[in-house]
Number of protein chains: 2
Amino acid sequence: MGPLVQSGRVPLTEAFVGALRDLFGERLQTGEAICLEHGRSETHFASMPPDAVVFAQTTEEVADMVRLCGEAQVPLIPFGAGTSVEGNTLAVRGGVALNLSRMDRIVAVNAEDFDCTVEAGVRREQLNEHLRDQGLFFPIDPGANATIGGMASTRASGTNAVRYGTMREAVLSLKVVTADGRIVRTSRRARKSSAGYDLTRLFVGSEGTLGIITEVTLRLHAIPEAIASATCSFDSVKGAVDTVVQSIQLGVPLARVEILDDMQIRAVNRWSKMDLPELTTLFFEFHGSPTYVAEQTETVRELAEANGGGEFRWANLPEERSRLWKARHEAYYAAVNLRAGAIGWATDVCVPMSRLAECIGETKAELERSSVPATILGHVGDGNFHVVFSIDPTSPDELEEVKAINARLVRRALDMDGTCTGEHGIGLGKQDWLVEELGDAVDLMRSIKTALDPIGILNPGKIFS
Amino acid sequence: MGPLVQSGRVPLTEAFVGALRDLFGERLQTGEAICLEHGRSETHFASMPPDAVVFAQTTEEVADMVRLCGEAQVPLIPFGAGTSVEGNTLAVRGGVALNLSRMDRIVAVNAEDFDCTVEAGVRREQLNEHLRDQGLFFPIDPGANATIGGMASTRASGTNAVRYGTMREAVLSLKVVTADGRIVRTSRRARKSSAGYDLTRLFVGSEGTLGIITEVTLRLHAIPEAIASATCSFDSVKGAVDTVVQSIQLGVPLARVEILDDMQIRAVNRWSKMDLPELTTLFFEFHGSPTYVAEQTETVRELAEANGGGEFRWANLPEERSRLWKARHEAYYAAVNLRAGAIGWATDVCVPMSRLAECIGETKAELERSSVPATILGHVGDGNFHVVFSIDPTSPDELEEVKAINARLVRRALDMDGTCTGEHGIGLGKQDWLVEELGDAVDLMRSIKTALDPIGILNPGKIFS
């Protein structure tokens with residue numbers, strides 16, 4: 001993306017602001033600092049602040065907001081933790097950011113049903129702390145401590161998806177405020193249903209453009225009896241990827257398997273004070289009974305060895321394991337900070353497993369020719385990987401170079417029957433690629449958008465403009 | 001449902017039939033017998049034949065059909081194997097049945113990616129025979145040898161869903177003909193994506209009302225190294241259900257776990273010449289490495305014993321296993337044929353696991369008071385169960401009684417935060433219940449239907465009228 005500018009922006013009227021003030025009092029804020037905070041991106045996008053920020057506390061308040069914005073034709077942008085990376089929450093046309101982070105109640109945990117219902121502003125770490133005593137956990141882990149509502153909106157996934165699925169599989173039901181201010185529930189709490197269109201899955205991944213998610217019912221899992229984590233270095237990307245493909249072919253239920261290239265390991269070593277060999281590395285996690293975990297690890301260890309992998313370095317004490325995964329979670333910041341004062345650009349593609357080694361290999365070769373430092377890391381069990389660039393903000397040339405590398409990466413993934421984004425969403429950054437990827441199917445998406453949000457107030461300018 | 005009648009039916013014009021004849025020649029059929037065959041239901045619904053049947057051979061032909069029907073405003077009903085049980089393919093307003101069973105090519109199997117692409121008319125048994133040599137299988141198993149297109153349209157699931165998910169999880173991508181005759185692909189072949197709205201999941205379960213599925217890309221699984229099957233009888237429904245809940249809580253990845261009540265076992269013993277104790281019975285299947293299967297079975301055996309279960313009867317030879325699951329698959333016919341000349345009514349609800357024992361228990365008590373023979377069988381690991389009634393077709397009273405029992409069953413499930421259908425779809429039979437279940441959310445479904453099929457030619461009168 002070039003530096004986008006906000007367009008079509010109409011100042012809020014005094015009457016509209018007065019109506020908001022009547023409803024929300026001090027929870028309506030229009031100061032420059034708070035608007036800027038809600039108009040920044042984690043990555044390279046230009047700042048696009050809203051004109052106001054409202055902190056909602058209930059679903060009914062969200063419905064009031066939607067009605068007010070509908071009447072006044074003011075854009076409304078749902079906002080969680082602000083951790084998205086494709087400009088998904090930027091106020092392209094101004095309007096009001098609806099901050100849901102104070103809707104952070106855990107409404108119910110149904111341990112026997114392995115589900116829970118939470119408000120959209122609950123963060124995933126908060127949820128897992130709450131669940132731990134009951135022997136349950138929520139597996140979806142995009143790295144950032146995102147809100148559950150934001151994760152649902154972006155169809156997030158992350159390190160555990162190879163075993164436990166993505167938000168697509170994790171969400172059982174949603175409470176959603178529609179563009180005309182109605183409150184609907186998309187599904188009951190049964191684990192499966194054939195009752196009509198799958199509205200749950202339609203809202204998951206719709207990036208706040210079809211309705212505003214205020215409550216999420218999630219599938220949970222039992223904390224496994226045994227957990228083992230390890231790292232293993234490889235001479236080649238191909239050896240690492242082949243190890244994973246063969247493990248899955250043998251039915252090993254890898255709970256996590258992450259790839260980090262040599263540059264990413266270097267960044268992690270520096271940022272998180274680790275001492276990993278600076279080679280392409282797999283981070284593994286195995287879940288199950290002690291016997292079963294031992295069987296899994298032995299199978300994978302043998303495959304790794306046959307594919308040129310080194311020794312397994314185990315991290316089996318809880319604190320060692322935490323340190324390892326914390327380093328993985330901070331990999332984005334580690335990569336951006338390869339250079340002081342740099343800004344980050346995180347891109348994301350996903351390809352069929354059979355093409356992954358080739359896709360990463362070609363990308364790696366291109367990165368090595370580039371003057372911009374960049375790392376590769378990814379959820380190798382899903383065929384999904386990221387490239388993180390560390391860009392000098394004073395250099396327009398670097399931004400252009402990264403833009404071109406990103407374009408070639410996405411085209412490479414599409415040519416392999418992959419997708420332009422495995423888990424970051426379309427936001428602002430991947431709109432042209434969405435059309436390239438799905439063609440006329442995007443017209444169906446537009447028809448659905450028009451049907452559910454006819455005046456176009458919900459997060460306008462995202463997914464398609 | 002009372003005996004519905006076809007309404008709003010307009011005879012096909014000669015010009016329209018001529019246009020079909022030009023395109024399809026002998027593959028257009030208008031004889032009474034073939035129309036009746038496409039207008040019958042597996043269950044209690046009145047016959048509602050279409051005015052013509054067309055056998056399509058390619059996606060392009062389907063697109064031609066849709067355009068012709070659109071211009072002439074003639075209803076078009078996609079038809080696979082005709083195994084649905086809620087009247088999902090009946091020609092409520094006449095029109096043309098589009099039989100896709102000759103689109104039965106397996107387009108591609110990508111073994112390394114664990115996926116395949118098939119035409120909509122491929123049947124699940126055909127697919128599994130094709131896959132066997134490659135060590136792969138497609139797990140979704142609704143019992144009937146349905147077409148993959150039909151299974152996608154109904155969001156089918158069945159015996160393996162507890163481990164492998166439903167068609168919701170199994171479908172990676174679809175080729176769909178839209179109501180205006182365009183051919184779209186809903187997704188690329190990557191295992192996950194955040195690229196825009198989840199059109200794949202929107203079409204899965206839409207029962208042919210939003211578009212016509214002509215190709216399906218499916219996730220596959222490796223045939224497990226070891227498979228073990230067993231049955232176990234219980235004195236009480238609660239003991240059986242508790243065994244399953246506790247097994248799942250301990251993380252046992254049950255591949256199949258089916259409940260059959262005493263009446264259903266009696267029916268199976270008679271129909272399939274089995275000699276099972278006529279008590280509430282669980283049918284289990286375990287998948288994994290030999291060690292892991294042994295560990296799973298030992299855990300479950302101990303839990304069963306603690307919950308009043310009898311001895312495990314093993315069926316470990318492939319032919320014994322086939323016999324067992326064949327008996328399970330024929331359970332519907334076994335139940336209907338508890339009385340000679342009876343017609344069947346198969347209903348289907350799904351509730352949160354914590355309410356399942358109660359829901360089955362109350363239902364069982366009611367069935368015991370009824371004069372109509374009925375059985376209970378279900379996918380107990382999902383909270384999903386069926387009641388099959390064996391109805392005297394000469395008795396209007398019996399039909400009324402079953403209608404009332406079904407209504408109370410569905411209300412019971414809804415009161416437990418369950419769904420009116422776990423896997424059969426809405427079709428004609430569950431339309432009022434859909435509204436009761438989801439309220440205003442059904443209006444969103446209607447909006448989507450209008451957006452994607454504005455003149456309403458695709459399987460009209462289904463899901464909502």
# chains A, B, ... in the order shown; residues from 1 in each chain; ligands from 1
call {"tool": "interface_residues", "arguments": {"of": "chain B", "to": "chain A", "cutoff": "7 Å", "atoms": "only C-alpha atoms", "output": "ChimeraX atom specification"}}
result
/B:112-113,154-155,184-198,201-202,205-206,222,249,251,292,350-354,382,417-426,434,438,440-441,445,447-448,451,463
call {"tool": "residues_around", "arguments": {"residues": "Gln73 of chain B", "least_positions_apart": "2", "cutoff": "8 Å", "atoms": "only C-alpha atoms", "output": "list of chain:residue names"}}
result
B:Cys69, B:Gly70, B:Glu71, B:Pro75, B:Ile455, B:Ile457
call {"tool": "write_last_selection", "arguments": {"atoms": "C-alpha atoms", "output": "tab-separated table (two decimals), in the first residue's frame"}}
result
chain	number	residue	atom	x	y	z
B	69	CYS	CA	-34.61	-21.00	-15.49
B	70	GLY	CA	-33.90	-17.44	-14.45
B	71	GLU	CA	-35.19	-16.01	-17.70
B	75	PRO	CA	-37.83	-23.17	-10.05
B	455	ILE	CA	-35.97	-13.77	-8.30
B	457	ILE	CA	-35.55	-19.63	-8.53
call {"tool": "residues_around", "arguments": {"residues": "Arg328 of chain B", "least_positions_apart": "5", "cutoff": "10 Å", "atoms": "only C-alpha atoms", "output": "number ranges by chain"}}
result
B: 143, 159, 258-260, 264-265, 268, 272, 283, 322-323, 334, 377
call {"tool": "write_last_selection", "arguments": {"atoms": "N, CA and C atoms", "output": "CSV table (one decimal), in the first residue's frame"}}
result
chain,number,residue,atom,x,y,z
B,143,GLY,N,-24.2,-42.1,7.0
B,143,GLY,CA,-25.0,-43.3,6.9
B,143,GLY,C,-25.3,-43.6,5.5
B,159,THR,N,-21.3,-40.3,11.9
B,159,THR,CA,-20.7,-41.0,12.9
B,159,THR,C,-19.3,-40.6,13.3
B,258,GLU,N,-21.5,-43.9,19.0
B,258,GLU,CA,-22.9,-43.9,18.7
B,258,GLU,C,-23.8,-44.5,19.8
B,259,ILE,N,-24.9,-43.9,20.1
B,259,ILE,CA,-25.8,-44.5,21.1
B,259,ILE,C,-27.0,-45.1,20.3
B,260,LEU,N,-27.4,-46.2,20.7
B,260,LEU,CA,-28.6,-46.9,20.2
B,260,LEU,C,-29.4,-47.3,21.4
B,264,GLN,N,-33.9,-49.6,19.4
B,264,GLN,CA,-33.1,-49.5,18.2
B,264,GLN,C,-32.3,-50.8,18.1
B,265,ILE,N,-31.7,-51.3,19.2
B,265,ILE,CA,-31.0,-52.5,19.2
B,265,ILE,C,-31.9,-53.7,18.7
B,268,VAL,N,-32.2,-53.4,15.1
B,268,VAL,CA,-31.0,-53.8,14.4
B,268,VAL,C,-30.8,-55.3,14.4
B,272,SER,N,-30.6,-56.7,10.8
B,272,SER,CA,-29.2,-57.0,10.4
B,272,SER,C,-28.7,-58.3,11.0
B,283,PHE,N,-21.7,-47.8,20.4
B,283,PHE,CA,-20.8,-48.4,19.4
B,283,PHE,C,-19.6,-47.4,19.4
B,322,SER,N,-16.9,-54.1,9.6
B,322,SER,CA,-17.8,-53.7,8.5
B,322,SER,C,-19.2,-54.1,8.8
B,323,ARG,N,-19.4,-55.3,9.4
B,323,ARG,CA,-20.7,-55.8,9.7
B,323,ARG,C,-21.4,-54.9,10.8
B,334,ALA,N,-34.0,-50.3,9.6
B,334,ALA,CA,-34.3,-51.3,10.6
B,334,ALA,C,-35.4,-50.8,11.5
B,377,LEU,N,-31.4,-43.1,18.3
B,377,LEU,CA,-30.0,-43.4,18.0
B,377,LEU,C,-29.3,-42.1,17.7
call {"tool": "select_by_dssp", "arguments": {"residues": "segment 257-421 of chain B", "states": "alpha helix (DSSP H)", "output": "MDAnalysis selection string"}}
result
chainID B and resid 262:272 290:306 318:329 331:336 353:369 396:415
call {"tool": "atom_distance", "arguments": {"atom1": "atom CA of Ala63 of chain A", "atom2": "atom CA of Ala146 of chain A"}}
result
23.0 Å
call {"tool": "residues_around", "arguments": {"residues": "Ala56 of chain B", "least_positions_apart": "4", "cutoff": "7 Å", "atoms": "only C-alpha atoms", "output": "JSON, numbers by chain"}}
result
{"B": [61, 62, 98, 99, 100, 102, 103]}
call {"tool": "residues_around", "arguments": {"residues": "Leu276 of chain B", "least_positions_apart": "3", "cutoff": "9 Å", "atoms": "only C-alpha atoms", "output": "PyMOL selection string"}}
result
chain B and resi 231+233+265-266+268-269+279+281
call {"tool": "select_by_dssp", "arguments": {"residues": "segment 200-363 of chain B", "states": "strand (DSSP E or B)", "output": "MDAnalysis selection string"}}
result
chainID B and resid 212:219 221:222 226:234 256:260 280:288 309 313:314 343:350
call {"tool": "write_last_selection", "arguments": {"atoms": "C-alpha atoms", "output": "PDB file, in the first residue's frame"}}
result
ATOM      1  CA  ILE B 212     -25.672 -24.734  -7.068  1.00  0.00           C
ATOM      2  CA  ILE B 213     -22.575 -26.541  -5.865  1.00  0.00           C
ATOM      3  CA  THR B 214     -20.891 -28.348  -8.761  1.00  0.00           C
ATOM      4  CA  GLU B 215     -17.446 -29.136  -7.331  1.00  0.00           C
ATOM      5  CA  VAL B 216     -16.212 -29.660  -3.806  1.00  0.00           C
ATOM      6  CA  THR B 217     -12.660 -29.577  -2.485  1.00  0.00           C
ATOM      7  CA  LEU B 218     -12.459 -31.696   0.643  1.00  0.00           C
ATOM      8  CA  ARG B 219      -9.990 -32.218   3.459  1.00  0.00           C
ATOM      9  CA  HIS B 221      -7.227 -37.786   6.526  1.00  0.00           C
ATOM     10  CA  ALA B 222      -4.632 -40.533   6.713  1.00  0.00           C
ATOM     11  CA  ALA B 226      -4.809 -49.106  13.961  1.00  0.00           C
ATOM     12  CA  ILE B 227      -8.601 -49.154  14.225  1.00  0.00           C
ATOM     13  CA  ALA B 228     -10.585 -50.842  16.984  1.00  0.00           C
ATOM     14  CA  SER B 229     -14.358 -51.126  17.239  1.00  0.00           C
ATOM     15  CA  ALA B 230     -16.473 -52.323  20.116  1.00  0.00           C
ATOM     16  CA  THR B 231     -19.960 -52.262  21.540  1.00  0.00           C
ATOM     17  CA  CYS B 232     -20.880 -51.879  25.179  1.00  0.00           C
ATOM     18  CA  SER B 233     -24.334 -52.133  26.777  1.00  0.00           C
ATOM     19  CA  PHE B 234     -25.587 -50.014  29.641  1.00  0.00           C
ATOM     20  CA  ARG B 256     -16.905 -42.716  16.543  1.00  0.00           C
ATOM     21  CA  VAL B 257     -19.316 -43.084  19.422  1.00  0.00           C
ATOM     22  CA  GLU B 258     -22.934 -43.881  18.696  1.00  0.00           C
ATOM     23  CA  ILE B 259     -25.816 -44.456  21.060  1.00  0.00           C
ATOM     24  CA  LEU B 260     -28.635 -46.878  20.207  1.00  0.00           C
ATOM     25  CA  THR B 280     -28.938 -49.010  25.538  1.00  0.00           C
ATOM     26  CA  THR B 281     -25.680 -49.574  23.703  1.00  0.00           C
ATOM     27  CA  LEU B 282     -22.649 -47.553  22.645  1.00  0.00           C
ATOM     28  CA  PHE B 283     -20.838 -48.358  19.414  1.00  0.00           C
ATOM     29  CA  PHE B 284     -17.239 -47.170  19.644  1.00  0.00           C
ATOM     30  CA  GLU B 285     -14.396 -46.775  17.215  1.00  0.00           C
ATOM     31  CA  PHE B 286     -10.833 -45.813  18.121  1.00  0.00           C
ATOM     32  CA  HIS B 287      -8.159 -44.624  15.672  1.00  0.00           C
ATOM     33  CA  GLY B 288      -4.428 -44.178  16.114  1.00  0.00           C
ATOM     34  CA  GLY B 309     -21.474 -50.603  31.328  1.00  0.00           C
ATOM     35  CA  ARG B 313     -17.572 -56.769  22.600  1.00  0.00           C
ATOM     36  CA  TRP B 314     -14.765 -56.250  20.129  1.00  0.00           C
ATOM     37  CA  ILE B 343     -43.442 -45.205   6.684  1.00  0.00           C
ATOM     38  CA  GLY B 344     -40.574 -43.529   8.500  1.00  0.00           C
ATOM     39  CA  TRP B 345     -40.185 -40.149  10.141  1.00  0.00           C
ATOM     40  CA  ALA B 346     -36.633 -39.283  11.147  1.00  0.00           C
ATOM     41  CA  THR B 347     -36.140 -36.251  13.335  1.00  0.00           C
ATOM     42  CA  ASP B 348     -32.908 -34.858  14.660  1.00  0.00           C
ATOM     43  CA  VAL B 349     -31.903 -32.472  17.430  1.00  0.00           C
ATOM     44  CA  CYS B 350     -28.568 -31.523  18.980  1.00  0.00           C
TER      45      CYS B 350
END
call {"tool": "residues_around", "arguments": {"residues": "segment 30-34 of chain B", "least_positions_apart": "4", "cutoff": "7 Å", "atoms": "only C-alpha atoms", "output": "PyMOL selection string"}}
result
chain B and resi 38+51-53
call {"tool": "write_last_selection", "arguments": {"atoms": "N, CA and C atoms", "output": "short mmCIF file (atom, residue, chain, number, x, y, z; two decimals), in the first residue's frame"}}
result
data_model
loop_
_atom_site.label_atom_id
_atom_site.label_comp_id
_atom_site.auth_asym_id
_atom_site.auth_seq_id
_atom_site.Cartn_x
_atom_site.Cartn_y
_atom_site.Cartn_z
N HIS B 38 -38.06 -38.16 -8.55
CA HIS B 38 -37.39 -36.97 -8.04
C HIS B 38 -38.28 -36.14 -7.12
N ASP B 51 -41.61 -30.85 -12.74
CA ASP B 51 -42.23 -31.00 -14.07
C ASP B 51 -41.27 -31.61 -15.08
N ALA B 52 -40.00 -31.58 -14.74
CA ALA B 52 -39.00 -32.14 -15.66
C ALA B 52 -37.74 -32.43 -14.85
N VAL B 53 -36.93 -33.31 -15.41
CA VAL B 53 -35.65 -33.64 -14.78
C VAL B 53 -34.56 -33.47 -15.84
#
call {"tool": "residues_around", "arguments": {"residues": "Asn128 of chain B", "least_positions_apart": "5", "cutoff": "12 Å", "atoms": "only C-alpha atoms", "output": "JSON, numbers by chain"}}
result
{"B": [106, 109, 116, 118, 122, 123, 133, 134, 135, 136, 137, 138, 139, 140, 141, 145, 148, 220, 221, 222, 223]}
call {"tool": "atom_distance", "arguments": {"atom1": "atom CA of Ala327 of chain B", "atom2": "atom CA of Val410 of chain B"}}
result
26.9 Å
